[in-house]
Amino acid sequence: MTVLDSISTLESIRAKVEANERLDFEDGLALLESDDLLALGDLADLARRVRGGTDDVYFVQNLYLNQTNVCRVKCKFCAFARTQKQDGAYTLSIAELVDDAVRQRELTRFTEIHMVNGENPHVGFEFYVDTVRALHEALPDVHLKLYTASEIHHMTTLAGLTHEEVLRELRDAGLGSLPGGGAEIFAERVRGLIAPGKEHPDFWFHTHDTAHRLGIPTHCTMLYGHVETYEERVDHLLRLRDQQDRTGGFLAFIPLAFHPENTVFERRGWRFTTGVDDLKMIAVSRLLLDNIPNVKAYWIMMGMPLAAVALHFGANDVQGTVVREQIFHAAGAVTETEQKIGELVRYVREAGRVPVQRDTLYNELRRWDD
Ligand code: SF4
């Protein structure tokens, strides 16, 4: 595409954004192929505002847990999973997991537990239901955002139940929402290369569709920056948009940059995504996903300085504090979580936006607008 072609394409997309018209596949591709990064940011910020976005930028105080890293799947991009017999494999008992969560809650007032795991073939469905119930009983006012669609699908095979039956049991035990993992890239060509053992993407959609119809909100993601093409990225985003049109249950979209370290891709010379690609993905996500209200700049992956820039590229959420406190923290000292909140607030303010602490469902808990 020549520079002049690119300018006229972006101008025609701008006209659509100003009129709050839906962008199509070709628009998405043109945006990804554009090198005019500042124009992309400007367009995405415009789209966010045209659709009712304000200066509020959200974060949540949460605790990340992984109960087991034992996994049967062996995705090629994964540096987390182990087989049962490998060094470093672990599965926490329900009591160990709950004790840890309760101790952390005494040190920080997190409002959400975010937990994903390997697909452990050595535990049964009851293990998951009992875990949810025990966490909910121990911490009834904490929102439980647990288990990717892949884990839910794994549970259906463990239990011989349908997705709806599994989700109903988990919901009745205390599950609040699903995280968005397991989506990777929906295109079968890519899935076959990076995650050949993972279930067909139709199951990912079926799980989220079922959850939404049961009143369980969910999140959605895309893992980018490996073997996928721009066409496959756009296809992924449009499939999510179609699903949101059908059920409306996605709370937020989180683009996840691929990290090659400790994977086969590192040995093949793969590198981290660049800041340019990360900002482009945030902008294009905001522009195409006109029906998903929140786009997260996941600072844990992109770093807080770039996440703050992403707030001008369509993002309106920087995710959470994601800090574990030391149990023997000196009495009266400022906790790491409090430090992290201060840092998030500083970055968001420096970006000219208003920091707002939220719960998982985007209810406002505290704001810094002075
Ligand atoms: S299913 Fe999840 S934990 Fe298992 S190998 Fe794939 S990404 Fe890793």
# chains A, B, ... in the order shown; residues from 1 in each chain; ligands from 1
$ residues_around --residues "Arg133 in chain A" --least-positions-apart "2" --cutoff "9 Å" --atoms "only C-alpha atoms" --output "PyMOL selection string"
chain A and resi 128-131+135-138+170+172-175
$ residues_near_ligand --ligand "ligand 1" --cutoff "12 Å" --atoms "only C-alpha atoms and all ligand atoms" --output "JSON list (two decimals) with C-alpha atoms, in the first residue's frame"
[["chain", "number", "residue", "atom", "x", "y", "z"],
["A", 66, "ASN", "CA", -2.69, -21.44, 40.03],
["A", 67, "GLN", "CA", -3.78, -24.59, 41.84],
["A", 68, "THR", "CA", -1.99, -26.99, 39.51],
["A", 69, "ASN", "CA", 0.51, -26.75, 36.67],
["A", 70, "VAL", "CA", 0.02, -30.38, 35.67],
["A", 71, "CYS", "CA", -1.40, -30.40, 32.15],
["A", 72, "ARG", "CA", -2.14, -33.00, 29.52],
["A", 73, "VAL", "CA", -2.16, -30.61, 26.56],
["A", 74, "LYS", "CA", 1.44, -29.48, 25.81],
["A", 75, "CYS", "CA", 0.80, -26.22, 23.96],
["A", 76, "LYS", "CA", 4.04, -25.18, 22.28],
["A", 77, "PHE", "CA", 3.90, -21.61, 23.56],
["A", 78, "CYS", "CA", 3.47, -22.65, 27.20],
["A", 79, "ALA", "CA", 6.31, -22.40, 29.74],
["A", 80, "PHE", "CA", 4.02, -23.13, 32.71],
["A", 81, "ALA", "CA", 2.77, -26.68, 32.24],
["A", 82, "ARG", "CA", 4.42, -29.88, 33.53],
["A", 83, "THR", "CA", 3.54, -33.54, 33.38],
["A", 89, "ALA", "CA", 4.99, -30.28, 38.91],
["A", 115, "MET", "CA", -7.25, -18.54, 38.86],
["A", 116, "VAL", "CA", -6.34, -20.65, 35.83],
["A", 117, "ASN", "CA", -4.63, -24.02, 35.78],
["A", 118, "GLY", "CA", -3.27, -26.81, 33.65],
["A", 119, "GLU", "CA", -5.74, -29.43, 32.45],
["A", 120, "ASN", "CA", -4.81, -31.93, 35.12],
["A", 121, "PRO", "CA", -5.96, -35.46, 34.18],
["A", 147, "TYR", "CA", -11.12, -21.49, 34.89],
["A", 148, "THR", "CA", -10.61, -20.87, 31.20],
["A", 149, "ALA", "CA", -13.01, -22.26, 28.61],
["A", 150, "SER", "CA", -10.41, -24.98, 27.93],
["A", 151, "GLU", "CA", -10.53, -26.03, 31.59],
["A", 152, "ILE", "CA", -14.33, -26.02, 31.54],
["A", 153, "HIS", "CA", -14.25, -28.20, 28.43],
["A", 154, "HIS", "CA", -11.75, -30.51, 30.16],
["A", 180, "GLY", "CA", -10.71, -15.24, 28.78],
["A", 181, "GLY", "CA", -7.79, -17.62, 28.32],
["A", 182, "GLY", "CA", -7.63, -20.60, 25.98],
["A", 183, "ALA", "CA", -8.73, -18.54, 22.99],
["A", 184, "GLU", "CA", -5.16, -18.24, 21.59],
["A", 191, "ARG", "CA", -4.00, -23.75, 16.42],
["A", 194, "ILE", "CA", 0.96, -23.84, 18.39],
["A", 195, "ALA", "CA", -1.60, -25.87, 20.32],
["A", 196, "PRO", "CA", -2.41, -29.06, 18.43],
["A", 197, "GLY", "CA", -3.66, -30.79, 21.60],
["A", 198, "LYS", "CA", -6.17, -28.11, 22.43],
["A", 199, "GLU", "CA", -9.85, -28.51, 21.68],
["A", 223, "LEU", "CA", -2.58, -14.43, 22.01],
["A", 258, "PHE", "CA", 3.31, -13.86, 23.11],
["A", 263, "THR", "CA", 9.38, -22.28, 24.90]]
$ select_by_dssp --residues "range 185-307 of chain A" --states "strand (DSSP E)" --output "MDAnalysis selection string"
chainID A and resid 218:224 250:257 294:295
$ atom_distance --atom1 "CA of Leu46 in chain A" --atom2 "CA of Val348 in chain A"
18.5 Å
$ atom_distance --atom1 "CA of Thr54 in chain A" --atom2 "CA of Tyr298 in chain A"
19.3 Å
$ closest_residue --among "A:Asp27, A:Asp100, A:Asp87, A:Glu188" --to "His200 in chain A" --atoms "only C-alpha atoms"
A:Glu188
$ closest_residue --among "A:Pro255, A:Gly225, A:Gly52, A:Leu10" --to "Arg271 in chain A" --atoms "only C-alpha atoms"
A:Gly225
$ residues_around --residues "Arg233 in chain A" --least-positions-apart "5" --cutoff "8 Å" --atoms "only C-alpha atoms" --output "ChimeraX atom specification"
/A:185,224,228
$ write_last_selection --atoms "all heavy atoms" --output "compact mmCIF listing (two decimals), in the first residue's frame"
# COMPACT_ATOMS: atom_id res chain seq x y z
N ILE A 185 -5.42 -18.19 19.14
CA ILE A 185 -5.94 -17.64 17.87
C ILE A 185 -6.89 -18.69 17.35
O ILE A 185 -6.58 -19.88 17.34
CB ILE A 185 -4.78 -17.43 16.86
CG1 ILE A 185 -3.86 -16.29 17.31
CG2 ILE A 185 -5.33 -17.17 15.46
CD1 ILE A 185 -4.27 -14.90 16.89
N TYR A 224 -1.21 -13.03 20.56
CA TYR A 224 -0.70 -12.61 19.25
C TYR A 224 0.83 -12.49 19.30
O TYR A 224 1.43 -12.44 20.38
CB TYR A 224 -1.32 -11.26 18.84
CG TYR A 224 -0.88 -10.10 19.71
CD1 TYR A 224 0.20 -9.30 19.34
CD2 TYR A 224 -1.52 -9.83 20.91
CE1 TYR A 224 0.62 -8.25 20.15
CE2 TYR A 224 -1.10 -8.79 21.71
CZ TYR A 224 -0.03 -8.00 21.33
OH TYR A 224 0.38 -6.97 22.14
N GLU A 228 0.83 -16.22 13.63
CA GLU A 228 -0.43 -15.81 12.99
C GLU A 228 -0.20 -14.67 11.99
O GLU A 228 0.73 -13.89 12.12
CB GLU A 228 -1.46 -15.40 14.05
CG GLU A 228 -1.37 -13.98 14.56
CD GLU A 228 -0.18 -13.70 15.46
OE1 GLU A 228 0.61 -14.61 15.72
OE2 GLU A 228 -0.03 -12.53 15.88
